[in-house]
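Source file run-v3.tsv; content: TSV, C-alpha atoms and all ligand atoms.
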```
chain	number	residue	atom	x	y	z
A	778	MET	CA	-14.96	11.28	-13.75
A	779	THR	CA	-15.16	13.53	-16.86
A	780	LEU	CA	-16.77	16.97	-16.80
A	781	ALA	CA	-17.72	19.15	-19.77
A	782	TYR	CA	-19.70	22.35	-20.16
A	783	ALA	CA	-21.57	24.42	-22.73
A	784	PRO	CA	-22.97	27.95	-22.47
A	785	GLY	CA	-26.41	29.36	-23.11
A	786	LYS	CA	-27.07	31.90	-25.85
A	787	VAL	CA	-29.29	34.78	-26.87
A	788	ILE	CA	-30.33	35.87	-30.33
A	789	LEU	CA	-29.56	39.59	-30.69
A	790	PHE	CA	-31.18	40.19	-34.07
A	791	GLY	CA	-33.12	38.27	-36.71
A	792	GLU	CA	-35.12	35.57	-34.90
A	793	HIS	CA	-37.97	34.11	-36.98
A	794	ALA	CA	-36.85	35.90	-40.16
A	795	VAL	CA	-33.82	33.57	-39.98
A	796	VAL	CA	-36.13	30.60	-40.58
A	797	TYR	CA	-36.99	32.27	-43.94
A	798	GLY	CA	-33.38	32.74	-45.03
A	799	ARG	CA	-32.62	36.19	-43.60
A	800	PRO	CA	-29.43	36.72	-41.54
A	801	ALA	CA	-29.44	36.63	-37.74
A	802	ILE	CA	-26.95	37.35	-34.97
A	803	ALA	CA	-26.52	35.36	-31.77
A	804	VAL	CA	-24.01	35.48	-28.93
A	805	PRO	CA	-23.05	32.98	-26.22
A	806	VAL	CA	-24.03	33.69	-22.61
A	807	THR	CA	-21.45	32.13	-20.32
A	808	GLU	CA	-23.20	33.23	-17.11
A	809	VAL	CA	-25.44	30.18	-17.61
A	810	GLN	CA	-24.06	26.71	-18.38
A	811	ALA	CA	-25.07	23.11	-18.94
A	812	GLN	CA	-22.76	20.52	-17.39
A	813	ALA	CA	-22.37	16.83	-18.30
A	814	CYS	CA	-20.54	14.55	-15.88
A	815	ILE	CA	-19.52	11.03	-16.94
A	816	GLU	CA	-18.84	8.29	-14.40
A	817	PRO	CA	-18.33	4.56	-14.87
A	818	GLY	CA	-21.61	2.66	-14.47
A	819	VAL	CA	-22.52	-0.83	-13.29
A	820	ALA	CA	-21.58	-3.66	-15.68
A	821	GLY	CA	-24.35	-4.29	-18.19
A	822	GLN	CA	-26.29	-1.05	-17.55
A	823	GLY	CA	-25.25	0.57	-20.83
A	824	VAL	CA	-25.39	4.36	-21.05
A	825	VAL	CA	-27.82	5.93	-18.59
A	826	VAL	CA	-28.47	9.67	-18.71
A	827	VAL	CA	-29.80	11.20	-15.52
A	828	ALA	CA	-31.07	14.75	-15.08
A	829	PRO	CA	-31.75	15.04	-11.34
A	830	ASP	CA	-33.17	18.59	-11.60
A	831	LEU	CA	-35.78	17.38	-14.07
A	832	ASP	CA	-36.34	14.07	-12.34
A	833	ARG	CA	-35.40	12.24	-15.54
A	834	ARG	CA	-33.57	8.96	-16.12
A	835	VAL	CA	-33.06	7.72	-19.68
A	836	VAL	CA	-31.67	4.25	-20.41
A	837	VAL	CA	-30.26	4.88	-23.87
A	838	CYS	CA	-30.69	1.38	-25.33
A	839	GLU	CA	-34.38	1.32	-24.31
A	840	ALA	CA	-35.27	4.90	-25.29
A	841	ALA	CA	-37.36	5.85	-28.31
A	842	ASP	CA	-35.61	7.16	-31.46
A	843	ASP	CA	-36.95	10.66	-30.87
A	844	GLU	CA	-35.76	10.95	-27.24
A	845	PRO	CA	-33.26	13.84	-27.55
A	846	LEU	CA	-30.91	12.83	-24.69
A	847	ALA	CA	-30.64	9.25	-25.99
A	848	CYS	CA	-30.34	10.52	-29.56
A	849	ILE	CA	-27.31	12.71	-28.88
A	850	VAL	CA	-25.56	9.88	-26.98
A	851	ARG	CA	-26.20	7.41	-29.84
A	852	LEU	CA	-25.09	9.86	-32.52
A	853	THR	CA	-21.90	10.75	-30.67
A	854	LEU	CA	-20.94	7.12	-29.96
A	855	GLU	CA	-21.66	6.20	-33.58
A	856	THR	CA	-19.54	9.09	-34.89
A	857	MET	CA	-16.66	8.04	-32.63
A	858	GLY	CA	-16.95	4.51	-34.08
A	859	ARG	CA	-18.08	2.91	-30.80
A	860	GLU	CA	-20.65	0.31	-31.58
A	861	ARG	CA	-20.97	-1.31	-28.18
A	862	ASP	CA	-23.04	0.47	-25.56
A	863	PRO	CA	-20.48	1.38	-22.84
A	864	ASP	CA	-21.48	1.21	-19.16
A	865	LEU	CA	-21.58	4.88	-18.25
A	866	THR	CA	-23.72	7.21	-16.22
A	867	VAL	CA	-24.06	10.73	-17.69
A	868	THR	CA	-25.39	13.26	-15.18
A	869	ILE	CA	-26.80	16.49	-16.57
A	870	THR	CA	-27.18	19.68	-14.58
A	871	SER	CA	-27.90	23.06	-16.09
A	872	THR	CA	-28.40	26.66	-15.10
A	873	VAL	CA	-29.67	27.54	-18.59
A	874	PRO	CA	-33.38	28.25	-18.09
A	875	ILE	CA	-35.57	25.85	-20.06
A	876	ALA	CA	-37.87	27.08	-22.85
A	877	ARG	CA	-36.80	30.73	-22.50
A	878	GLY	CA	-34.94	31.19	-25.79
A	879	MET	CA	-31.54	30.65	-24.18
A	880	GLY	CA	-30.67	27.46	-26.01
A	881	SER	CA	-31.02	25.04	-23.11
A	882	GLY	CA	-31.50	22.02	-25.40
A	883	ALA	CA	-28.44	22.88	-27.50
A	884	ALA	CA	-26.37	23.52	-24.36
A	885	VAL	CA	-27.25	20.15	-22.82
A	886	SER	CA	-26.59	18.27	-26.08
A	887	THR	CA	-23.27	20.09	-26.61
A	888	ALA	CA	-22.12	19.33	-23.06
A	889	ILE	CA	-22.94	15.63	-23.61
A	890	VAL	CA	-20.97	15.46	-26.89
A	891	ARG	CA	-17.98	17.22	-25.29
A	892	ALA	CA	-18.04	14.96	-22.23
A	893	LEU	CA	-18.24	11.74	-24.28
A	894	ALA	CA	-15.46	12.96	-26.58
A	895	GLN	CA	-13.21	13.78	-23.62
A	896	HIS	CA	-13.98	10.48	-21.94
A	897	PHE	CA	-12.97	8.50	-25.04
A	898	HIS	CA	-10.05	10.84	-25.92
A	899	TYR	CA	-11.71	11.80	-29.19
A	900	TRP	CA	-11.51	15.26	-30.73
A	901	PHE	CA	-14.45	16.89	-32.46
A	902	PRO	CA	-14.05	20.21	-34.26
A	903	SER	CA	-16.73	22.73	-33.21
A	904	ARG	CA	-18.40	22.35	-36.58
A	905	ALA	CA	-18.86	18.58	-36.08
A	906	ILE	CA	-20.32	19.19	-32.60
A	907	SER	CA	-22.73	21.75	-34.05
A	908	ASP	CA	-23.85	19.32	-36.79
A	909	LEU	CA	-24.50	16.52	-34.28
A	910	VAL	CA	-26.42	18.82	-31.95
A	911	TYR	CA	-28.53	20.11	-34.85
A	912	GLN	CA	-30.03	16.64	-35.16
A	913	THR	CA	-31.38	16.83	-31.61
A	914	GLU	CA	-32.56	20.42	-32.16
A	915	VAL	CA	-34.88	18.97	-34.81
A	916	LEU	CA	-36.39	16.74	-32.11
A	917	TYR	CA	-36.85	19.67	-29.72
A	918	HIS	CA	-37.99	22.32	-32.17
A	919	GLY	CA	-39.32	20.77	-35.39
A	920	THR	CA	-37.70	22.94	-38.08
A	921	PRO	CA	-34.87	24.82	-36.36
A	922	SER	CA	-32.73	27.22	-38.35
A	923	GLY	CA	-29.55	25.83	-36.75
A	924	ILE	CA	-28.49	29.08	-35.10
A	925	ASP	CA	-28.61	27.67	-31.53
A	926	ASN	CA	-26.30	24.70	-32.09
A	927	THR	CA	-23.89	26.92	-34.05
A	928	VAL	CA	-23.46	29.68	-31.45
A	929	VAL	CA	-23.34	27.23	-28.54
A	930	ALA	CA	-20.71	25.00	-30.20
A	931	PHE	CA	-18.49	27.91	-31.35
A	932	GLU	CA	-18.98	30.09	-28.24
A	933	LYS	CA	-18.42	33.27	-30.26
A	934	PRO	CA	-20.70	35.95	-31.77
A	935	ILE	CA	-22.18	34.41	-34.90
A	936	TYR	CA	-23.65	35.89	-38.06
A	937	PHE	CA	-25.86	33.14	-39.40
A	938	VAL	CA	-27.76	32.51	-42.63
A	939	LYS	CA	-29.75	29.28	-42.72
A	940	GLY	CA	-28.70	26.88	-45.45
A	941	VAL	CA	-25.86	29.20	-46.52
A	942	GLY	CA	-23.45	29.30	-43.58
A	943	TRP	CA	-22.22	31.36	-40.70
A	944	GLU	CA	-19.35	33.57	-39.74
A	945	VAL	CA	-17.77	34.10	-36.39
A	946	PHE	CA	-17.11	37.83	-35.99
A	947	TRP	CA	-15.33	40.16	-33.57
A	948	VAL	CA	-16.94	42.89	-31.55
A	949	GLY	CA	-15.11	46.23	-31.91
A	950	LYS	CA	-16.09	47.46	-28.46
A	951	PRO	CA	-17.57	45.25	-25.72
A	952	PHE	CA	-21.08	46.15	-24.58
A	953	TRP	CA	-23.51	45.05	-21.87
A	954	LEU	CA	-26.86	43.33	-22.16
A	955	ALA	CA	-29.47	42.76	-19.50
A	956	ILE	CA	-31.42	39.55	-20.13
A	957	ALA	CA	-34.74	39.50	-18.31
A	958	ASP	CA	-37.05	36.51	-17.96
A	959	THR	CA	-40.85	36.84	-18.19
A	960	GLY	CA	-41.10	33.56	-16.26
A	961	ILE	CA	-43.30	32.24	-19.08
A	962	LYS	CA	-42.27	29.12	-20.97
A	963	SER	CA	-42.24	29.55	-24.68
A	964	SER	CA	-42.59	26.72	-27.20
A	965	THR	CA	-40.32	27.48	-30.17
A	966	ARG	CA	-42.04	24.74	-32.15
A	967	GLU	CA	-45.49	26.27	-31.57
A	968	VAL	CA	-44.57	29.90	-32.23
A	969	VAL	CA	-42.59	29.00	-35.38
A	970	GLY	CA	-45.53	26.80	-36.50
A	971	ASP	CA	-48.11	29.58	-35.94
A	972	LEU	CA	-46.00	32.06	-37.85
A	973	ARG	CA	-45.63	29.57	-40.69
A	974	HIS	CA	-49.44	29.29	-40.96
A	975	GLY	CA	-49.74	33.09	-41.04
A	976	TYR	CA	-46.98	33.33	-43.64
A	977	GLN	CA	-48.51	30.62	-45.86
A	978	ALA	CA	-51.90	32.36	-45.73
A	979	ASP	CA	-50.47	35.78	-46.64
A	980	PRO	CA	-46.80	35.74	-47.76
A	981	ALA	CA	-47.01	39.31	-49.12
A	982	ARG	CA	-47.65	40.61	-45.59
A	983	TYR	CA	-44.64	38.85	-44.06
A	984	GLN	CA	-41.98	39.14	-46.78
A	985	PRO	CA	-41.31	42.87	-46.22
A	986	LEU	CA	-41.14	42.33	-42.45
A	987	PHE	CA	-38.58	39.55	-42.90
A	988	ASP	CA	-36.63	41.67	-45.40
A	989	ARG	CA	-36.38	44.63	-43.01
A	990	ILE	CA	-35.34	42.36	-40.14
A	991	GLY	CA	-32.59	40.97	-42.39
A	992	GLU	CA	-31.39	44.51	-43.18
A	993	ILE	CA	-31.34	45.30	-39.45
A	994	ALA	CA	-29.15	42.23	-38.79
A	995	VAL	CA	-26.70	43.34	-41.50
A	996	ALA	CA	-26.55	46.89	-40.06
A	997	ALA	CA	-26.17	45.53	-36.52
A	998	ARG	CA	-23.23	43.34	-37.48
A	999	SER	CA	-21.29	46.29	-38.90
A	1000	ALA	CA	-22.19	48.45	-35.88
A	1001	MET	CA	-20.92	45.68	-33.56
A	1002	GLU	CA	-17.73	45.16	-35.56
A	1003	GLN	CA	-17.00	48.88	-35.70
A	1004	GLY	CA	-17.75	49.40	-32.01
A	1005	ARG	CA	-20.69	51.73	-32.74
A	1006	THR	CA	-22.70	50.55	-29.74
A	1007	GLU	CA	-24.91	53.67	-29.83
A	1008	ALA	CA	-26.42	52.47	-33.15
A	1009	LEU	CA	-27.47	49.11	-31.72
A	1010	GLY	CA	-30.21	50.36	-29.39
A	1011	GLN	CA	-32.26	51.87	-32.18
A	1012	LEU	CA	-31.86	48.73	-34.28
A	1013	MET	CA	-33.10	46.63	-31.34
A	1014	ASP	CA	-36.15	48.86	-30.95
A	1015	GLU	CA	-36.98	48.63	-34.63
A	1016	ASN	CA	-36.51	44.86	-34.65
A	1017	GLN	CA	-38.90	44.61	-31.67
A	1018	ALA	CA	-41.56	46.68	-33.47
A	1019	LEU	CA	-41.37	44.26	-36.43
A	1020	LEU	CA	-41.57	41.20	-34.16
A	1021	ARG	CA	-44.68	42.69	-32.55
A	1022	GLU	CA	-46.19	43.21	-35.97
A	1023	MET	CA	-45.50	39.55	-36.73
A	1024	GLY	CA	-47.49	38.59	-33.63
A	1025	VAL	CA	-44.71	36.86	-31.70
A	1026	SER	CA	-44.51	39.27	-28.75
A	1027	CYS	CA	-46.94	39.21	-25.81
A	1028	PRO	CA	-48.03	41.68	-23.09
A	1029	GLU	CA	-45.47	40.40	-20.58
A	1030	LEU	CA	-42.60	40.83	-23.07
A	1031	ASP	CA	-43.91	44.28	-24.08
A	1032	ARG	CA	-44.03	45.28	-20.41
A	1033	LEU	CA	-40.40	44.28	-19.82
A	1034	VAL	CA	-39.27	46.04	-23.01
A	1035	MET	CA	-40.99	49.26	-21.83
A	1036	ALA	CA	-39.55	48.93	-18.32
A	1037	ALA	CA	-36.02	48.51	-19.69
A	1038	ARG	CA	-36.37	51.63	-21.84
A	1039	GLU	CA	-37.82	53.60	-18.91
A	1040	GLY	CA	-34.86	52.47	-16.81
A	1041	GLY	CA	-32.48	54.02	-19.35
A	1042	ALA	CA	-31.66	51.08	-21.66
A	1043	GLN	CA	-30.59	52.27	-25.11
A	1044	GLY	CA	-32.85	49.69	-26.76
A	1045	ALA	CA	-34.72	46.49	-25.98
A	1046	LYS	CA	-36.42	43.59	-27.72
A	1047	LEU	CA	-37.62	40.05	-27.17
A	1048	SER	CA	-35.05	37.34	-27.85
A	1049	GLY	CA	-35.77	33.91	-29.34
A	1050	ALA	CA	-39.15	32.54	-30.27
A	1051	GLY	CA	-41.21	35.03	-28.23
A	1052	ARG	CA	-44.65	34.68	-26.54
A	1053	GLY	CA	-42.70	34.21	-23.33
A	1054	GLY	CA	-39.03	33.67	-22.60
A	1055	ASN	CA	-36.63	36.60	-22.33
A	1056	ILE	CA	-36.10	40.15	-23.45
A	1057	ILE	CA	-32.66	41.65	-23.97
A	1058	ALA	CA	-31.82	45.28	-23.25
A	1059	LEU	CA	-28.73	47.27	-24.20
A	1060	VAL	CA	-27.36	48.82	-21.01
A	1061	ALA	CA	-24.36	50.90	-19.97
A	1062	LYS	CA	-22.32	50.77	-16.77
A	1063	GLU	CA	-24.30	53.72	-15.37
A	1064	THR	CA	-27.76	52.40	-16.33
A	1065	ARG	CA	-27.49	48.70	-15.66
A	1066	GLY	CA	-28.43	48.82	-11.97
A	1067	ARG	CA	-31.48	50.95	-12.63
A	1068	VAL	CA	-32.57	48.85	-15.64
A	1069	ASP	CA	-32.21	45.69	-13.54
A	1070	MET	CA	-34.43	47.22	-10.83
A	1071	MET	CA	-37.07	48.44	-13.29
A	1072	LEU	CA	-37.20	45.02	-14.94
A	1073	ARG	CA	-37.75	43.26	-11.62
A	1074	LEU	CA	-40.43	45.79	-10.63
A	1075	ALA	CA	-42.14	45.07	-13.97
A	1076	GLY	CA	-42.30	41.36	-13.14
A	1077	ALA	CA	-39.03	39.87	-14.43
A	1078	THR	CA	-38.44	36.60	-12.58
A	1079	ASN	CA	-34.69	36.81	-13.23
A	1080	VAL	CA	-32.21	39.28	-14.73
A	1081	ILE	CA	-28.75	38.35	-16.00
A	1082	VAL	CA	-26.30	41.05	-17.04
A	1083	THR	CA	-23.71	39.82	-19.53
A	1084	GLU	CA	-20.85	41.44	-21.43
A	1085	VAL	CA	-20.73	40.81	-25.17
A	1086	GLU	CA	-17.11	40.79	-26.34
B	1101	LIG	O1	-36.34	30.51	-28.64
B	1101	LIG	P1	-35.14	29.93	-29.29
B	1101	LIG	O2	-33.87	30.33	-28.71
B	1101	LIG	O3	-35.26	28.47	-29.54
B	1101	LIG	O4	-35.01	30.65	-30.72
B	1101	LIG	C1	-35.89	30.43	-31.73
B	1101	LIG	C2	-35.39	31.25	-32.87
B	1101	LIG	C3	-36.26	31.14	-34.07
B	1101	LIG	O5	-35.68	31.98	-35.06
B	1101	LIG	C4	-37.67	31.64	-33.77
B	1101	LIG	C5	-36.36	29.72	-34.59
B	1101	LIG	C6	-35.07	29.20	-35.17
B	1101	LIG	O6	-34.99	27.97	-35.35
B	1101	LIG	O7	-34.15	29.97	-35.49
```
Re-express the file's structure as structure tokens.
Ligand code: PMV
Amino acid sequence: MTLAYAPGKVILFGEHAVVYGRPAIAVPVTEVQAQACIEPGVAGQGVVVVAPDLDRRVVVCEAADDEPLACIVRLTLETMGRERDPDLTVTITSTVPIARGMGSGAAVSTAIVRALAQHFHYWFPSRAISDLVYQTEVLYHGTPSGIDNTVVAFEKPIYFVKGVGWEVFWVGKPFWLAIADTGIKSSTREVVGDLRHGYQADPARYQPLFDRIGEIAVAARSAMEQGRTEALGQLMDENQALLREMGVSCPELDRLVMAAREGGAQGAKLSGAGRGGNIIALVAKETRGRVDMMLRLAGATNVIVTEVE
């Protein structure tokens, strides 16, 4: 039996603007994980991927080209130079919430690549894993920026510019985030698509919003590197105001953002595509219990507190 894992992620700054070439920052969240387990299968079965939590069973050789689980298996086997379909059962379990902006698709795909590589004693650099996973992100999300597969494969804070590159960077002083779930599924493909229509109809309205979000991401990176945590809260608040103006927030997200601030968070914003999914709030040791409570009272279906380091 071979086991491999991959973490979830949150975007700290720059979602949506990143699709239009502005920088964004994302960090891994190791409190949630996808796991892929490989066991020998019955002769002649080929690769079968099962996801018991989702009640899914995918026979790779029969699956459509755009089936993401089959796609990542095929791509990985091809890259490792294995032409024949091996008889393997790949079981997927995951604690990364689905469709909440925490990179569940990228985590599952990354865990599958890592498990297959381990099973066949093949070594993939993180960059190669990220590139393979990007191809399944296209199937999940349409026109993804590539930030999810990058941060999940590297498992480090990432400064990312679509089409240009990314940099792993170091956080000067660790800080704490509360991640609170609205309980509402969010379709990245839909929200990104709606924003694209708005942008195409009136680019002059959106360009300055994207520009300012990009500036915030640049400022946030230096604050994180220099350990100036106190500057981050205000940047989160400003980023949230711009996301609201772009129409990607929703009343449930706004309510959680307010609750976090009332609980003593230094700043809060939605994370990911928006219109559902999670908010993130900057908390301190002394405030995190109270923020957690306020978020739950305001309707959060789950709260994860994670250290960014
Ligand atoms: O909700 P998520 O984690 O899939 O994040 C979407 C982030 C966007 O910037 C809105 C889209 C993208 O591809 O970067």
_Under the rule that all atoms listed in the file are counted, which of A:Val796, A:Leu1030, A:Ala811, A:Met1035 is the nearest residue to Gly970 in chain A?_
A:Val796
*Could you please extract the residues within 8 Å of ligand LIG 1101 (chain B), counting all atoms listed in the file, and hand them back as a VMD selection string?*
chain A and resid 786 to 788 791 to 796 876 to 880 918 920 to 925 963 to 966 968 to 969 1048 to 1051 1054
*Nearest candidate to Ala801 in chain A (options A:Gly942, A:Pro985, A:Gly1041, A:Gly949; using all atoms listed in the file)*: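 For Ala801 in chain A, the nearest of the given residues is A:Gly942.
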*asked:* Which residues are near Val837 in chain A? Cut-off 9 Å, only C-alpha atoms, ignore same chain within fewer than 3 positions. Put them as a list in words.
replied: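 Residues near the query, excluding close chain neighbours: Gly823, Val824, Val825, Val826, Ala840, Ala841, Glu844, Leu846, Ala847, Cys848, Val850, Arg851 and Asp862 of chain A.
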_Residue nearest Ala828 in chain A - candidates A:Thr1078, A:Gln810, A:Gln977, A:Ser871, atoms counted: only C-alpha atoms_ = A:Ser871
Rebuild range 832-859 of chain A to N, CA and C atoms - output it as a PDB file, in the frame of the given file, please.
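rebuild-v9.pdb, written as the output of this step:
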```pdb
ATOM      1  N   ASP A 832     -35.814  15.348 -12.749  1.00  0.00           N
ATOM      2  CA  ASP A 832     -36.340  14.070 -12.340  1.00  0.00           C
ATOM      3  C   ASP A 832     -36.419  13.092 -13.528  1.00  0.00           C
ATOM      4  N   ARG A 833     -35.363  13.089 -14.349  1.00  0.00           N
ATOM      5  CA  ARG A 833     -35.400  12.240 -15.540  1.00  0.00           C
ATOM      6  C   ARG A 833     -34.273  11.224 -15.506  1.00  0.00           C
ATOM      7  N   ARG A 834     -34.574  10.015 -16.013  1.00  0.00           N
ATOM      8  CA  ARG A 834     -33.570   8.960 -16.120  1.00  0.00           C
ATOM      9  C   ARG A 834     -33.832   8.257 -17.446  1.00  0.00           C
ATOM     10  N   VAL A 835     -32.861   8.292 -18.343  1.00  0.00           N
ATOM     11  CA  VAL A 835     -33.060   7.720 -19.680  1.00  0.00           C
ATOM     12  C   VAL A 835     -32.046   6.600 -19.893  1.00  0.00           C
ATOM     13  N   VAL A 836     -32.559   5.376 -20.075  1.00  0.00           N
ATOM     14  CA  VAL A 836     -31.670   4.250 -20.410  1.00  0.00           C
ATOM     15  C   VAL A 836     -31.572   4.257 -21.938  1.00  0.00           C
ATOM     16  N   VAL A 837     -30.382   4.562 -22.437  1.00  0.00           N
ATOM     17  CA  VAL A 837     -30.260   4.880 -23.870  1.00  0.00           C
ATOM     18  C   VAL A 837     -30.707   3.719 -24.760  1.00  0.00           C
ATOM     19  N   CYS A 838     -30.351   2.480 -24.413  1.00  0.00           N
ATOM     20  CA  CYS A 838     -30.690   1.380 -25.330  1.00  0.00           C
ATOM     21  C   CYS A 838     -32.192   1.063 -25.327  1.00  0.00           C
ATOM     22  N   GLU A 839     -32.922   1.583 -24.344  1.00  0.00           N
ATOM     23  CA  GLU A 839     -34.380   1.320 -24.310  1.00  0.00           C
ATOM     24  C   GLU A 839     -35.186   2.511 -24.812  1.00  0.00           C
ATOM     25  N   ALA A 840     -34.521   3.658 -24.988  1.00  0.00           N
ATOM     26  CA  ALA A 840     -35.270   4.900 -25.290  1.00  0.00           C
ATOM     27  C   ALA A 840     -35.729   4.941 -26.739  1.00  0.00           C
ATOM     28  N   ALA A 841     -36.819   5.674 -26.958  1.00  0.00           N
ATOM     29  CA  ALA A 841     -37.360   5.850 -28.310  1.00  0.00           C
ATOM     30  C   ALA A 841     -36.368   6.624 -29.183  1.00  0.00           C
ATOM     31  N   ASP A 842     -36.521   6.486 -30.507  1.00  0.00           N
ATOM     32  CA  ASP A 842     -35.610   7.160 -31.460  1.00  0.00           C
ATOM     33  C   ASP A 842     -35.650   8.676 -31.314  1.00  0.00           C
ATOM     34  N   ASP A 843     -36.824   9.206 -30.924  1.00  0.00           N
ATOM     35  CA  ASP A 843     -36.950  10.660 -30.870  1.00  0.00           C
ATOM     36  C   ASP A 843     -36.718  11.232 -29.463  1.00  0.00           C
ATOM     37  N   GLU A 844     -36.105  10.434 -28.567  1.00  0.00           N
ATOM     38  CA  GLU A 844     -35.760  10.950 -27.240  1.00  0.00           C
ATOM     39  C   GLU A 844     -34.429  11.709 -27.386  1.00  0.00           C
ATOM     40  N   PRO A 845     -34.450  13.055 -27.199  1.00  0.00           N
ATOM     41  CA  PRO A 845     -33.260  13.840 -27.550  1.00  0.00           C
ATOM     42  C   PRO A 845     -31.996  13.462 -26.767  1.00  0.00           C
ATOM     43  N   LEU A 846     -32.123  13.145 -25.474  1.00  0.00           N
ATOM     44  CA  LEU A 846     -30.910  12.830 -24.690  1.00  0.00           C
ATOM     45  C   LEU A 846     -30.287  11.526 -25.195  1.00  0.00           C
ATOM     46  N   ALA A 847     -31.155  10.531 -25.478  1.00  0.00           N
ATOM     47  CA  ALA A 847     -30.640   9.250 -25.990  1.00  0.00           C
ATOM     48  C   ALA A 847     -30.078   9.460 -27.395  1.00  0.00           C
ATOM     49  N   CYS A 848     -30.746  10.285 -28.170  1.00  0.00           N
ATOM     50  CA  CYS A 848     -30.340  10.520 -29.560  1.00  0.00           C
ATOM     51  C   CYS A 848     -28.922  11.099 -29.622  1.00  0.00           C
ATOM     52  N   ILE A 849     -28.631  12.085 -28.786  1.00  0.00           N
ATOM     53  CA  ILE A 849     -27.310  12.710 -28.880  1.00  0.00           C
ATOM     54  C   ILE A 849     -26.221  11.735 -28.413  1.00  0.00           C
ATOM     55  N   VAL A 850     -26.549  10.890 -27.428  1.00  0.00           N
ATOM     56  CA  VAL A 850     -25.560   9.880 -26.980  1.00  0.00           C
ATOM     57  C   VAL A 850     -25.295   8.898 -28.125  1.00  0.00           C
ATOM     58  N   ARG A 851     -26.366   8.389 -28.744  1.00  0.00           N
ATOM     59  CA  ARG A 851     -26.200   7.410 -29.840  1.00  0.00           C
ATOM     60  C   ARG A 851     -25.398   8.005 -30.985  1.00  0.00           C
ATOM     61  N   LEU A 852     -25.778   9.222 -31.395  1.00  0.00           N
ATOM     62  CA  LEU A 852     -25.090   9.860 -32.520  1.00  0.00           C
ATOM     63  C   LEU A 852     -23.599  10.049 -32.232  1.00  0.00           C
ATOM     64  N   THR A 853     -23.301  10.477 -31.008  1.00  0.00           N
ATOM     65  CA  THR A 853     -21.900  10.750 -30.670  1.00  0.00           C
ATOM     66  C   THR A 853     -21.101   9.446 -30.641  1.00  0.00           C
ATOM     67  N   LEU A 854     -21.663   8.401 -30.016  1.00  0.00           N
ATOM     68  CA  LEU A 854     -20.940   7.120 -29.960  1.00  0.00           C
ATOM     69  C   LEU A 854     -20.708   6.578 -31.364  1.00  0.00           C
ATOM     70  N   GLU A 855     -21.753   6.674 -32.188  1.00  0.00           N
ATOM     71  CA  GLU A 855     -21.660   6.200 -33.580  1.00  0.00           C
ATOM     72  C   GLU A 855     -20.546   6.944 -34.328  1.00  0.00           C
ATOM     73  N   THR A 856     -20.533   8.275 -34.184  1.00  0.00           N
ATOM     74  CA  THR A 856     -19.540   9.090 -34.890  1.00  0.00           C
ATOM     75  C   THR A 856     -18.129   8.748 -34.422  1.00  0.00           C
ATOM     76  N   MET A 857     -17.991   8.389 -33.150  1.00  0.00           N
ATOM     77  CA  MET A 857     -16.660   8.040 -32.630  1.00  0.00           C
ATOM     78  C   MET A 857     -16.295   6.593 -32.973  1.00  0.00           C
ATOM     79  N   GLY A 858     -17.217   5.887 -33.668  1.00  0.00           N
ATOM     80  CA  GLY A 858     -16.950   4.510 -34.080  1.00  0.00           C
ATOM     81  C   GLY A 858     -17.089   3.504 -32.945  1.00  0.00           C
ATOM     82  N   ARG A 859     -17.873   3.856 -31.920  1.00  0.00           N
ATOM     83  CA  ARG A 859     -18.080   2.910 -30.800  1.00  0.00           C
ATOM     84  C   ARG A 859     -19.433   2.237 -30.982  1.00  0.00           C
TER      85      ARG A 859
END
```
